[in-house]
$ cat upload-v5.txt   # compact mmCIF, C-alpha atoms and all ligand atoms
# COMPACT_ATOMS: atom_id res chain seq x y z
CA MET A 203 0.00 0.00 0.00
CA ARG A 204 1.44 3.36 -0.94
CA GLU A 205 1.05 6.56 1.06
CA GLY A 206 -0.92 8.22 -1.71
CA GLU A 207 -3.38 5.30 -1.93
CA VAL A 208 -4.88 6.06 1.45
CA ASP A 209 -7.73 8.56 1.43
CA ASP A 210 -7.59 11.38 3.95
CA LEU A 211 -3.96 10.84 5.00
CA GLU A 212 -2.84 14.35 5.94
CA VAL A 213 0.82 15.25 5.62
CA ASP A 214 2.55 17.74 7.98
CA HIS A 215 -0.66 18.09 9.95
CA ASP A 216 -0.84 20.86 12.58
CA LEU A 217 -1.71 19.47 16.03
CA SER A 218 -1.50 22.76 17.94
CA ASP A 219 -5.29 22.95 18.17
CA ALA A 220 -5.57 19.21 18.74
CA ASN A 221 -4.00 19.27 22.23
CA THR A 222 -5.67 21.13 25.08
CA LEU A 223 -2.30 22.49 26.27
CA ALA A 224 -1.98 24.19 22.87
CA LEU A 225 1.68 23.14 22.60
CA PRO A 226 3.03 23.72 19.09
CA SER A 227 3.20 20.36 17.36
CA ARG A 228 3.00 18.88 13.88
CA ALA A 229 2.40 15.29 12.81
CA ALA A 230 4.44 14.09 9.84
CA ARG A 231 1.31 12.13 8.81
CA PHE A 232 -2.13 12.12 10.43
CA TRP A 233 -5.05 9.80 9.83
CA ARG A 234 -8.55 9.68 11.26
CA ALA A 235 -9.60 6.00 11.09
CA ARG A 236 -13.41 5.73 11.05
CA THR A 237 -13.75 1.91 11.22
CA GLU A 238 -11.86 -1.04 12.71
CA GLY A 239 -10.85 -1.90 9.15
CA GLU A 240 -9.28 1.54 8.73
CA VAL A 241 -7.40 1.17 12.02
CA VAL A 242 -5.93 -2.09 10.69
CA GLN A 243 -5.16 -0.38 7.36
CA GLY A 244 -3.31 2.37 9.28
CA LEU A 245 -1.27 -0.22 11.14
CA GLN A 246 -0.38 -2.00 7.91
CA LEU A 247 0.67 1.26 6.31
CA ALA A 248 2.89 2.13 9.31
CA ASN A 249 4.43 -1.36 9.36
CA GLU A 250 5.12 -1.40 5.61
CA HIS A 251 6.89 1.95 5.76
CA GLY A 252 8.60 1.33 9.09
CA TRP A 253 6.82 4.34 10.59
CA GLU A 254 6.50 4.73 14.32
CA MET A 255 2.81 4.98 15.18
CA THR A 256 1.28 7.38 17.70
CA VAL A 257 -2.35 7.12 18.80
CA LEU A 258 -4.08 10.37 19.68
CA GLY A 259 -7.58 10.92 21.05
CA GLY A 260 -8.89 14.36 21.99
CA GLY A 261 -5.40 15.48 23.07
CA SER A 262 -6.48 16.41 26.62
CA ASN A 263 -3.97 14.28 28.47
CA VAL A 264 -0.85 14.38 26.32
CA LEU A 265 2.41 16.27 26.09
CA LEU A 266 3.23 16.73 22.42
CA PRO A 267 6.70 17.37 21.00
CA ARG A 268 7.23 19.87 18.19
CA ARG A 269 7.08 17.14 15.60
CA ILE A 270 5.77 13.59 15.65
CA GLU A 271 7.38 11.46 12.98
CA GLY A 272 5.74 8.38 11.44
CA LEU A 273 1.96 8.07 11.52
CA THR A 274 -0.35 9.66 14.08
CA LEU A 275 -3.69 7.89 14.14
CA CYS A 276 -6.96 8.86 15.77
CA ALA A 277 -9.45 5.99 16.24
CA ASP A 278 -12.49 8.07 15.36
CA LEU A 279 -15.16 5.35 15.45
CA GLU A 280 -18.63 6.73 16.01
CA GLY A 281 -21.79 5.17 17.40
CA VAL A 282 -23.53 4.67 20.72
CA SER A 283 -26.11 1.90 21.26
CA PHE A 284 -28.21 0.95 24.25
CA ALA A 285 -29.56 -2.55 25.03
CA PRO A 286 -31.58 -3.67 28.04
CA GLY A 287 -29.85 -6.10 30.39
CA ARG A 288 -31.07 -8.01 33.42
CA GLY A 289 -33.20 -6.10 35.93
CA ASN A 290 -32.27 -2.43 35.82
CA ALA A 291 -29.09 -2.91 33.84
CA VAL A 292 -28.63 -1.19 30.49
CA HIS A 293 -25.67 -2.12 28.30
CA VAL A 294 -24.08 0.73 26.40
CA GLU A 295 -21.72 0.16 23.48
CA VAL A 296 -19.70 3.16 22.37
CA GLY A 297 -17.19 3.86 19.60
CA ALA A 298 -13.74 5.13 20.59
CA GLY A 299 -14.28 8.42 18.72
CA VAL A 300 -17.39 9.49 20.63
CA GLY A 301 -16.77 12.54 22.84
CA TRP A 302 -16.80 11.44 26.48
CA HIS A 303 -18.90 14.36 27.73
CA ALA A 304 -21.42 13.90 24.90
CA LEU A 305 -21.75 10.24 25.90
CA VAL A 306 -22.37 11.19 29.55
CA GLU A 307 -24.99 13.69 28.45
CA SER A 308 -26.84 11.22 26.24
CA CYS A 309 -26.91 8.64 29.08
CA VAL A 310 -28.19 11.24 31.55
CA GLU A 311 -30.93 12.23 29.08
CA ARG A 312 -32.10 8.60 29.21
CA GLU A 313 -32.03 8.77 33.03
CA LEU A 314 -29.28 6.18 33.15
CA TRP A 315 -27.06 6.19 36.22
CA GLY A 316 -23.37 5.42 36.56
CA ILE A 317 -21.32 8.09 34.77
CA GLU A 318 -23.12 11.35 35.65
CA ASN A 319 -20.25 12.26 38.07
CA LEU A 320 -17.83 12.01 35.13
CA ALA A 321 -19.41 14.95 33.26
CA LEU A 322 -17.18 17.53 31.54
CA ILE A 323 -14.08 15.34 31.39
CA PRO A 324 -12.63 16.27 28.00
CA GLY A 325 -11.47 13.75 25.44
CA LEU A 326 -12.80 10.75 23.56
CA ALA A 327 -14.39 7.59 24.95
CA GLY A 328 -11.55 5.43 23.58
CA ALA A 329 -9.01 7.05 25.92
CA ALA A 330 -11.19 6.79 29.04
CA PRO A 331 -9.92 3.35 30.18
CA ILE A 332 -6.26 4.26 29.57
CA GLN A 333 -5.96 6.17 32.81
CA ASN A 334 -9.26 4.91 34.30
CA ILE A 335 -10.78 8.38 34.27
CA GLY A 336 -12.30 9.40 37.54
CA ALA A 337 -13.94 12.33 39.30
CA TYR A 338 -16.25 12.97 42.25
CA GLY A 339 -15.92 9.48 43.71
CA VAL A 340 -16.60 7.58 40.45
CA GLU A 341 -14.22 5.91 37.99
CA ILE A 342 -14.91 4.30 34.64
CA ALA A 343 -13.81 1.06 36.40
CA ASP A 344 -17.20 1.15 38.19
CA VAL A 345 -19.15 0.67 34.94
CA LEU A 346 -16.75 -0.74 32.33
CA ASP A 347 -17.53 -4.25 31.03
CA TRP A 348 -15.11 -4.68 28.15
CA VAL A 349 -12.80 -2.91 25.75
CA GLU A 350 -12.36 -3.86 22.08
CA LEU A 351 -8.88 -3.51 20.68
CA VAL A 352 -6.76 -3.86 17.61
CA ASP A 353 -3.32 -5.28 18.41
CA ARG A 354 -0.71 -2.99 16.86
CA ARG A 355 1.72 -5.85 16.28
CA ASP A 356 -0.43 -8.14 14.13
CA GLY A 357 -3.73 -6.32 13.48
CA ARG A 358 -5.65 -8.93 15.52
CA ARG A 359 -8.95 -7.67 16.96
CA TYR A 360 -10.00 -8.85 20.40
CA ARG A 361 -11.92 -7.99 23.53
CA LEU A 362 -10.58 -7.54 27.08
CA ASP A 363 -12.96 -7.77 30.01
CA ARG A 364 -12.77 -5.32 32.90
CA GLU A 365 -10.58 -7.60 35.05
CA ALA A 366 -7.99 -7.90 32.30
CA CYS A 367 -7.88 -4.08 31.96
CA GLU A 368 -6.40 -3.95 35.52
CA LEU A 369 -7.93 -0.56 36.22
CA GLU A 370 -6.44 1.30 39.18
CA TYR A 371 -6.16 4.94 40.23
CA ARG A 372 -5.19 6.76 37.02
CA ASP A 373 -3.66 3.55 35.75
CA SER A 374 -4.43 0.42 33.72
CA VAL A 375 -2.82 -2.37 31.73
CA PHE A 376 -2.79 0.10 28.80
CA LYS A 377 -0.14 2.17 30.60
CA ARG A 378 1.88 -0.90 31.54
CA GLU A 379 2.08 -4.25 29.69
CA LEU A 380 -0.03 -3.03 26.76
CA ALA A 381 1.47 0.48 26.55
CA ASN A 382 1.70 1.50 22.87
CA GLN A 383 0.63 -1.97 21.77
CA VAL A 384 -3.09 -1.62 21.13
CA VAL A 385 -5.63 0.74 19.63
CA ILE A 386 -8.91 0.85 21.55
CA THR A 387 -11.84 0.89 19.15
CA ARG A 388 -14.96 0.28 21.26
CA LEU A 389 -16.10 0.11 24.90
CA GLY A 390 -18.95 -1.68 26.64
CA LEU A 391 -20.42 -0.17 29.81
CA THR A 392 -23.23 -1.30 32.08
CA LEU A 393 -25.35 1.50 33.52
CA SER A 394 -28.52 1.32 35.58
CA SER A 395 -32.01 2.75 35.22
CA ARG A 396 -32.35 2.60 39.02
CA PRO A 397 -31.47 5.89 40.75
CA ALA A 398 -28.12 5.62 42.54
CA PRO A 399 -26.76 9.12 43.20
CA LYS A 400 -23.20 9.21 44.52
CA LEU A 401 -22.93 12.50 46.33
CA ASP A 402 -20.46 11.80 49.10
CA TYR A 403 -17.43 13.33 47.41
CA GLY A 404 -16.32 16.94 47.75
CA ALA A 405 -18.98 19.61 47.72
CA LEU A 406 -21.39 17.64 45.52
CA SER A 407 -24.06 17.01 48.17
CA GLU A 408 -24.21 20.78 48.87
CA HIS A 409 -25.12 21.38 45.23
CA VAL A 410 -27.78 18.67 44.81
CA ALA A 411 -31.11 18.52 46.63
CA ALA A 412 -32.71 15.10 47.22
CA PRO A 413 -34.41 13.40 45.49
CA ALA A 414 -31.97 14.02 42.66
CA SER A 415 -32.27 12.97 39.04
CA ALA A 416 -29.21 11.92 37.02
CA ARG A 417 -29.57 15.27 35.22
CA ASP A 418 -29.44 17.14 38.57
CA VAL A 419 -26.17 15.42 39.51
CA PHE A 420 -24.77 16.00 36.03
CA ALA A 421 -25.69 19.72 36.22
CA ALA A 422 -24.11 20.05 39.68
CA VAL A 423 -20.86 18.40 38.55
CA CYS A 424 -20.75 20.70 35.49
CA ALA A 425 -21.35 23.78 37.67
CA ILE A 426 -18.63 22.85 40.19
CA ARG A 427 -16.12 21.99 37.47
CA ARG A 428 -16.81 25.22 35.55
CA GLU A 429 -16.21 27.20 38.72
CA LYS A 430 -12.97 25.43 39.66
CA LEU A 431 -11.28 24.40 36.45
CA PRO A 432 -10.02 26.56 33.59
CA ASP A 433 -11.71 25.98 30.23
CA PRO A 434 -8.97 24.66 27.89
CA ALA A 435 -10.58 26.56 24.99
CA ARG A 436 -9.70 29.83 26.73
CA THR A 437 -6.82 28.86 29.03
CA PRO A 438 -4.88 25.91 27.62
CA ASN A 439 -4.26 23.15 30.18
CA ALA A 440 -4.34 19.36 30.54
CA GLY A 441 -6.47 19.13 33.68
CA SER A 442 -4.60 17.72 36.68
CA PHE A 443 -0.93 17.86 35.79
CA PHE A 444 0.09 15.70 38.76
CA LYS A 445 -1.39 12.53 40.23
CA ASN A 446 -2.35 12.48 43.88
CA PRO A 447 0.63 10.81 45.58
CA PHE A 448 0.50 7.73 47.83
CA VAL A 449 2.76 7.67 50.89
CA SER A 450 3.36 5.11 53.65
CA GLY A 451 1.25 5.25 56.81
CA ILE A 452 4.37 6.26 58.76
CA GLN A 453 5.15 9.18 56.46
CA ALA A 454 1.50 10.30 56.53
CA SER A 455 1.49 10.27 60.37
CA HIS A 456 4.70 12.29 60.39
CA LEU A 457 3.25 14.89 58.00
CA LEU A 458 -0.05 15.02 59.92
CA SER A 459 1.79 15.69 63.18
CA GLN A 460 3.15 18.85 61.54
CA MET A 461 0.00 19.75 59.56
CA PRO A 462 -3.11 18.28 61.19
CA SER A 463 -5.41 19.83 58.56
CA MET A 464 -3.68 18.01 55.66
CA PRO A 465 -6.27 16.18 53.48
CA HIS A 466 -5.48 12.46 53.55
CA TYR A 467 -7.26 9.34 52.38
CA PRO A 468 -6.19 6.02 54.01
CA GLN A 469 -6.14 3.13 51.53
CA PRO A 470 -6.99 -0.55 52.14
CA ASP A 471 -3.30 -1.50 51.61
CA GLY A 472 -2.12 0.76 54.47
CA ARG A 473 -0.84 3.54 52.22
CA VAL A 474 -2.33 7.02 52.40
CA LYS A 475 -3.34 9.11 49.41
CA LEU A 476 -2.54 12.83 49.68
CA ALA A 477 -3.94 15.74 47.67
CA ALA A 478 -1.25 16.96 45.26
CA GLY A 479 -3.05 20.29 44.76
CA TRP A 480 -3.05 20.96 48.52
CA LEU A 481 0.69 20.23 48.77
CA ILE A 482 1.43 22.61 45.87
CA ASP A 483 -0.81 25.26 47.42
CA GLN A 484 1.00 24.91 50.79
CA CYS A 485 4.26 25.76 49.00
CA GLY A 486 2.70 29.11 48.03
CA LEU A 487 2.66 28.15 44.35
CA LYS A 488 -1.03 28.67 43.53
CA GLY A 489 -1.09 31.41 40.90
CA TYR A 490 2.71 31.27 40.46
CA ARG A 491 3.73 32.14 36.91
CA GLN A 492 7.01 32.01 35.08
CA GLY A 493 7.14 32.95 31.42
CA SER A 494 4.64 31.00 29.34
CA PHE A 495 3.44 28.68 32.11
CA GLY A 496 1.78 28.99 35.48
CA VAL A 497 -0.05 27.22 38.29
CA HIS A 498 -3.76 27.94 37.98
CA ASP A 499 -4.94 30.46 40.57
CA ARG A 500 -8.04 28.46 41.59
CA GLN A 501 -6.77 24.88 41.28
CA ALA A 502 -3.09 24.31 42.06
CA LEU A 503 -3.12 20.87 40.41
CA VAL A 504 -3.59 22.44 37.00
CA LEU A 505 -0.69 23.96 35.06
CA VAL A 506 -1.73 26.46 32.43
CA HIS A 507 -0.08 27.64 29.22
CA PHE A 508 -0.33 31.39 28.59
CA GLY A 509 0.97 31.04 25.02
CA GLY A 510 4.31 31.02 23.27
CA GLY A 511 5.61 28.05 25.27
CA THR A 512 7.07 24.70 24.25
CA LEU A 513 7.07 21.20 25.71
CA GLU A 514 10.61 21.71 27.02
CA GLY A 515 9.53 24.91 28.79
CA LEU A 516 6.54 23.15 30.34
CA LEU A 517 8.65 20.24 31.58
CA ALA A 518 11.17 22.64 33.15
CA PHE A 519 8.34 24.54 34.85
CA ALA A 520 6.78 21.29 36.13
CA ASP A 521 10.18 20.16 37.47
CA GLN A 522 10.34 23.31 39.60
CA ILE A 523 6.98 22.44 41.17
CA VAL A 524 8.06 18.83 41.80
CA GLU A 525 11.35 19.96 43.40
CA THR A 526 9.67 22.57 45.60
CA VAL A 527 7.08 20.09 46.89
CA HIS A 528 9.76 17.47 47.48
CA ALA A 529 12.00 19.89 49.37
CA ARG A 530 9.13 20.82 51.70
CA PHE A 531 7.34 17.46 52.22
CA GLU A 532 9.67 14.75 50.86
CA VAL A 533 6.81 13.66 48.61
CA THR A 534 7.51 13.11 44.91
CA LEU A 535 4.77 14.19 42.54
CA GLU A 536 4.27 12.20 39.35
CA ARG A 537 3.05 13.69 36.10
CA GLU A 538 -0.39 12.65 34.84
CA PRO A 539 -0.44 13.64 31.13
CA ARG A 540 1.29 11.19 28.82
CA TRP A 541 4.25 11.98 26.67
CA VAL A 542 3.63 10.78 23.11
CA GLY A 543 5.95 10.62 20.12
CA ALA A 544 8.85 10.98 22.57
CA ARG A 545 11.52 9.70 20.25
CA SER A 546 10.88 12.54 17.83
CA ILE A 547 11.27 15.37 20.34
CA GLY A 548 13.05 18.34 18.91
C1 LIG A 601 -9.74 20.60 31.80
C2 LIG A 601 -9.45 19.12 31.95
C3 LIG A 601 -10.07 18.41 32.97
C4 LIG A 601 -9.79 17.04 33.14
N1 LIG A 601 -10.41 16.37 34.15
C5 LIG A 601 -10.17 15.06 34.35
C6 LIG A 601 -10.82 14.35 35.42
O1 LIG A 601 -11.61 14.91 36.17
N2 LIG A 601 -10.52 13.03 35.56
C7 LIG A 601 -9.68 12.38 34.72
O2 LIG A 601 -9.47 11.18 34.92
N3 LIG A 601 -9.06 13.02 33.71
C8 LIG A 601 -9.30 14.34 33.49
N4 LIG A 601 -8.66 15.00 32.47
C9 LIG A 601 -7.70 14.28 31.61
C10 LIG A 601 -8.30 13.78 30.28
O3 LIG A 601 -9.45 14.47 29.94
C11 LIG A 601 -8.60 12.29 30.30
O4 LIG A 601 -7.44 11.55 30.61
C12 LIG A 601 -9.14 11.79 28.94
O5 LIG A 601 -9.57 10.44 29.06
C13 LIG A 601 -8.11 11.88 27.80
O6 LIG A 601 -8.81 11.63 26.60
P1 LIG A 601 -8.25 12.09 25.19
O7 LIG A 601 -9.16 11.53 24.16
O8 LIG A 601 -8.05 13.55 25.18
O9 LIG A 601 -6.86 11.31 25.15
P2 LIG A 601 -5.45 11.84 24.63
O10 LIG A 601 -4.99 12.94 25.52
O11 LIG A 601 -5.50 12.12 23.18
O12 LIG A 601 -4.56 10.54 24.87
C14 LIG A 601 -4.24 10.12 26.17
C15 LIG A 601 -3.44 8.80 26.07
O13 LIG A 601 -4.29 7.77 25.59
C16 LIG A 601 -3.79 7.21 24.37
N5 LIG A 601 -4.97 6.96 23.53
C17 LIG A 601 -5.93 7.85 23.19
N6 LIG A 601 -6.89 7.23 22.48
C18 LIG A 601 -6.53 5.93 22.37
C19 LIG A 601 -7.11 4.79 21.73
N7 LIG A 601 -8.27 4.84 21.08
N8 LIG A 601 -6.44 3.60 21.80
C20 LIG A 601 -5.25 3.52 22.46
N9 LIG A 601 -4.66 4.56 23.06
C21 LIG A 601 -5.29 5.75 23.02
C22 LIG A 601 -2.83 8.25 23.80
O14 LIG A 601 -1.82 7.64 23.02
C23 LIG A 601 -2.28 8.88 25.07
O15 LIG A 601 -1.24 8.08 25.59
C24 LIG A 601 -8.91 16.38 32.26
C25 LIG A 601 -8.29 17.10 31.22
C26 LIG A 601 -8.57 18.46 31.06
C27 LIG A 601 -7.92 19.22 29.94
$ encode --input "upload-v5.txt" --output "structure tokens" --more "lines below"
Ligand SMILES: Cc1cc2nc3c(=O)[nH]c(=O)nc-3n(C[C@H](O)[C@H](O)[C@H](O)COP(=O)(O)OP(=O)(O)OC[C@H]3O[C@@H](n4cnc5c(N)ncnc54)[C@H](O)[C@@H]3O)c2cc1C
Amino acid sequence: MREGEVDDLEVDHDLSDANTLALPSRAARFWRARTEGEVVQGLQLANEHGWEMTVLGGGSNVLLPRRIEGLTLCADLEGVSFAPGRGNAVHVEVGAGVGWHALVESCVERELWGIENLALIPGLAGAAPIQNIGAYGVEIADVLDWVELVDRRDGRRYRLDREACELEYRDSVFKRELANQVVITRLGLTLSSRPAPKLDYGALSEHVAAPASARDVFAAVCAIRREKLPDPARTPNAGSFFKNPFVSGIQASHLLSQMPSMPHYPQPDGRVKLAAGWLIDQCGLKGYRQGSFGVHDRQALVLVHFGGGTLEGLLAFADQIVETVHARFEVTLEREPRWVGARSIG
């Protein structure tokens, strides 16, 4: 198959508007695959030419270099279908290219429960299992049944059930053993027609009066998020730039003896999860700006790009935050957005 034989293959494609951090980036070749067959075709093309392949969704959780060589592919499969299951269960099948927020909205309109707390998370459905998206006490792990994939090595299509996806806090098999080895094409979720509001996280219960509909919870989540988080369309960002860190019980006790008001969440395995945003805020960094990048003035977990910056500049800025937090608390923050096309940085 020759490059020119593939319809819609864009050469030297500008990705600056295709990543919510608005980092300047260009893809040597870019292809929107609309079917599983086209995903396989893309893989074949990359293999035949020896091109490195990069998979991109909505670009809301990636750090893009100036140029991505090889082939950048977006699995843009459409379609959402609903089928009744046992009792109150409703099975939802969704294409990887469906916008996550649009999916949440269409489920809420049907009064289906399960993902209303995950409203306004940017990006496409296909990327949702990669870091097990979560917000307001709910993760996609709570509703995911299966993920359909194309194996990048041999084009084989197969299904992984939830167990095999090994979903954990901001983590999954797709960031570990299967990192850069599969393209997710479809997801299966099970939602419920029986009301099951989850309001025990953050300020959600203060915003929703009982009895609440799925739409009420959805509207409350949207309102809280709009108040707290910068809109990437106006202020480029990638959401939480750092993961909430886990520390040992001993270290948590030590920190709590110095700062009794420190938010902390004991885990079943004895570790304690801390709030990265709170730690950054305690270092006086909320609203801190240097050059093109800054810490958001309402949510210290979010780094924002004021324009004119590059990936290298962002990484240097983020390193400063990590070092400052480490010097004060001896806690190491890990980055959440994923670095793609790394070999072609330049
Ligand atoms: C303002 C803002 C708020 C956010 N809030 C939250 C939040 O509350 N909770 C949360 O969990 N996240 C949040 N995020 C992060 C982000 O929205 C999610 O991680 C989202 O799932 C990323 O989707 P995407 O389509 O943009 O993926 P991308 O950023 O394009 O890609 C992310 C990773 O997934 C891979 N990938 C993408 N699609 C596929 C596919 N089909 N097959 C295989 N690999 C693929 C990419 O190679 C990359 O490694 C937020 C981001 C922003 C900008």
$ closest_residue --input "upload-v5.txt" --among "A:Phe531, A:Trp541, A:Tyr403, A:Trp253" --to "Ala454 in chain A" --atoms "only C-alpha atoms"
A:Phe531
$ residues_near_point --input "upload-v5.txt" --point "(2.9, 21.5, 20.9)" --cutoff "10 Å" --atoms "all atoms listed in the file" --output "list in words"
Asp216, Leu217, Ser218, Asp219, Ala220, Asn221, Thr222, Leu223, Ala224, Leu225, Pro226, Ser227, Arg228, Val264, Leu265, Leu266, Pro267, Arg268, Arg269, Ile270, Gly510, Gly511, Thr512, Leu513 and Glu514 of chain A
$ axis_aligned_box --input "upload-v5.txt" --around "ligand LIG 601 (chain A)" --padding-each-side "6 Å" --output "lines of an AutoDock Vina configuration file"
center_x = -6.4
center_y = 12.1
center_z = 28.6
size_x = 22.4
size_y = 29.1
size_z = 27.1
$ residues_near_ligand --input "upload-v5.txt" --ligand "ligand LIG 601 (chain A)" --cutoff "7 Å" --atoms "all atoms listed in the file" --output "ChimeraX atom specification"
/A:222,256-264,276-277,298,320,323-330,332-337,372,384-387,431-434,439-442,540-542
$ write_last_selection --input "upload-v5.txt" --atoms "C-alpha atoms" --output "CSV table (one decimal), in the coordinates of the input"
chain,number,residue,atom,x,y,z
A,222,THR,CA,-5.7,21.1,25.1
A,256,THR,CA,1.3,7.4,17.7
A,257,VAL,CA,-2.4,7.1,18.8
A,258,LEU,CA,-4.1,10.4,19.7
A,259,GLY,CA,-7.6,10.9,21.0
A,260,GLY,CA,-8.9,14.4,22.0
A,261,GLY,CA,-5.4,15.5,23.1
A,262,SER,CA,-6.5,16.4,26.6
A,263,ASN,CA,-4.0,14.3,28.5
A,264,VAL,CA,-0.8,14.4,26.3
A,276,CYS,CA,-7.0,8.9,15.8
A,277,ALA,CA,-9.4,6.0,16.2
A,298,ALA,CA,-13.7,5.1,20.6
A,320,LEU,CA,-17.8,12.0,35.1
A,323,ILE,CA,-14.1,15.3,31.4
A,324,PRO,CA,-12.6,16.3,28.0
A,325,GLY,CA,-11.5,13.8,25.4
A,326,LEU,CA,-12.8,10.8,23.6
A,327,ALA,CA,-14.4,7.6,25.0
A,328,GLY,CA,-11.6,5.4,23.6
A,329,ALA,CA,-9.0,7.0,25.9
A,330,ALA,CA,-11.2,6.8,29.0
A,332,ILE,CA,-6.3,4.3,29.6
A,333,GLN,CA,-6.0,6.2,32.8
A,334,ASN,CA,-9.3,4.9,34.3
A,335,ILE,CA,-10.8,8.4,34.3
A,336,GLY,CA,-12.3,9.4,37.5
A,337,ALA,CA,-13.9,12.3,39.3
A,372,ARG,CA,-5.2,6.8,37.0
A,384,VAL,CA,-3.1,-1.6,21.1
A,385,VAL,CA,-5.6,0.7,19.6
A,386,ILE,CA,-8.9,0.8,21.6
A,387,THR,CA,-11.8,0.9,19.2
A,431,LEU,CA,-11.3,24.4,36.4
A,432,PRO,CA,-10.0,26.6,33.6
A,433,ASP,CA,-11.7,26.0,30.2
A,434,PRO,CA,-9.0,24.7,27.9
A,439,ASN,CA,-4.3,23.2,30.2
A,440,ALA,CA,-4.3,19.4,30.5
A,441,GLY,CA,-6.5,19.1,33.7
A,442,SER,CA,-4.6,17.7,36.7
A,540,ARG,CA,1.3,11.2,28.8
A,541,TRP,CA,4.2,12.0,26.7
A,542,VAL,CA,3.6,10.8,23.1
$ closest_atom_pairs --input "upload-v5.txt" --of "range 289-324 of chain A" --to "range 423-427 of chain A" --cutoff "8 Å" --atoms "all atoms listed in the file" --output "JSON lines"
{"residue": "A:Glu318", "atom": "CA", "partner": "A:Val423", "partner_atom": "CA", "distance": 8.0}
{"residue": "A:Asn319", "atom": "CA", "partner": "A:Val423", "partner_atom": "CA", "distance": 6.2}
{"residue": "A:Leu320", "atom": "CA", "partner": "A:Val423", "partner_atom": "CA", "distance": 7.9}
{"residue": "A:Ala321", "atom": "CA", "partner": "A:Cys424", "partner_atom": "CA", "distance": 6.3}
{"residue": "A:Leu322", "atom": "CA", "partner": "A:Cys424", "partner_atom": "CA", "distance": 6.2}
$ atom_distance --input "upload-v5.txt" --atom1 "CA of Glu295 in chain A" --atom2 "CA of Ser308 in chain A"
12.5 Å
$ atom_distance --input "upload-v5.txt" --atom1 "CA of Asp483 in chain A" --atom2 "CA of Arg537 in chain A"
16.6 Å
$ atom_distance --input "upload-v5.txt" --atom1 "CA of Ala229 in chain A" --atom2 "CA of Asp214 in chain A"
5.4 Å
$ residues_around --input "upload-v5.txt" --residues "Val504 in chain A" --least-positions-apart "2" --cutoff "12 Å" --atoms "only C-alpha atoms" --output "number ranges by chain"
A: 223, 263, 430-434, 437-445, 478-480, 482-483, 487-490, 495-502, 506-507, 520, 523, 537-539
$ closest_residue --input "upload-v5.txt" --among "A:Arg530, A:Val241, A:Gln469, A:Ala518" --to "Gln484 in chain A" --atoms "all atoms listed in the file"
A:Arg530
$ closest_residue --input "upload-v5.txt" --among "A:Leu273, A:Val300, A:Ala416, A:Leu279" --to "Gly252 in chain A" --atoms "all atoms listed in the file"
A:Leu273
$ residues_around --input "upload-v5.txt" --residues "Val533 in chain A" --least-positions-apart "3" --cutoff "10 Å" --atoms "all atoms listed in the file" --output "JSON, numbers by chain"
{"A": [447, 448, 449, 453, 476, 478, 481, 524, 525, 526, 527, 528, 529, 530, 536]}
$ residues_around --input "upload-v5.txt" --residues "Val349 in chain A" --least-positions-apart "2" --cutoff "6 Å" --atoms "only C-alpha atoms" --output "PyMOL selection string"
chain A and resi 361-362+388-389
$ closest_residue --input "upload-v5.txt" --among "A:Leu503, A:Leu391, A:Pro468, A:Glu212" --to "Val292 in chain A" --atoms "all atoms listed in the file"
A:Leu391
$ closest_residue --input "upload-v5.txt" --among "A:Asp471, A:Arg354, A:Leu457, A:Val410" --to "Glu532 in chain A" --atoms "all atoms listed in the file"
A:Leu457
$ closest_residue --input "upload-v5.txt" --among "A:Gly390, A:Glu238, A:Asn382, A:Arg355" --to "Val296 in chain A" --atoms "only C-alpha atoms"
A:Gly390
$ decode --input "upload-v5.txt" --residues "range 322-328 of chain A" --atoms "N, CA, C and O atoms" --output "PDB file, in the first residue's frame"
ATOM      1  N   LEU A 322     -18.160  16.482  31.910  1.00  0.00           N
ATOM      2  CA  LEU A 322     -17.181  17.527  31.535  1.00  0.00           C
ATOM      3  C   LEU A 322     -15.725  17.084  31.540  1.00  0.00           C
ATOM      4  O   LEU A 322     -14.835  17.931  31.534  1.00  0.00           O
ATOM      5  N   ILE A 323     -15.475  15.778  31.584  1.00  0.00           N
ATOM      6  CA  ILE A 323     -14.085  15.337  31.391  1.00  0.00           C
ATOM      7  C   ILE A 323     -13.839  15.373  29.881  1.00  0.00           C
ATOM      8  O   ILE A 323     -14.557  14.729  29.118  1.00  0.00           O
ATOM      9  N   PRO A 324     -12.854  16.166  29.443  1.00  0.00           N
ATOM     10  CA  PRO A 324     -12.633  16.275  27.997  1.00  0.00           C
ATOM     11  C   PRO A 324     -12.102  14.955  27.409  1.00  0.00           C
ATOM     12  O   PRO A 324     -11.694  14.073  28.151  1.00  0.00           O
ATOM     13  N   GLY A 325     -12.083  14.897  26.105  1.00  0.00           N
ATOM     14  CA  GLY A 325     -11.465  13.746  25.440  1.00  0.00           C
ATOM     15  C   GLY A 325     -12.492  12.795  24.860  1.00  0.00           C
ATOM     16  O   GLY A 325     -13.699  13.018  24.931  1.00  0.00           O
ATOM     17  N   LEU A 326     -11.974  11.729  24.252  1.00  0.00           N
ATOM     18  CA  LEU A 326     -12.804  10.753  23.565  1.00  0.00           C
ATOM     19  C   LEU A 326     -12.979   9.503  24.425  1.00  0.00           C
ATOM     20  O   LEU A 326     -12.130   9.189  25.273  1.00  0.00           O
ATOM     21  N   ALA A 327     -14.077   8.783  24.153  1.00  0.00           N
ATOM     22  CA  ALA A 327     -14.387   7.592  24.953  1.00  0.00           C
ATOM     23  C   ALA A 327     -13.249   6.572  24.895  1.00  0.00           C
ATOM     24  O   ALA A 327     -12.947   5.912  25.900  1.00  0.00           O
ATOM     25  N   GLY A 328     -12.590   6.446  23.747  1.00  0.00           N
ATOM     26  CA  GLY A 328     -11.548   5.426  23.583  1.00  0.00           C
ATOM     27  C   GLY A 328     -10.388   5.594  24.545  1.00  0.00           C
ATOM     28  O   GLY A 328      -9.705   4.618  24.887  1.00  0.00           O
TER      29      GLY A 328
END
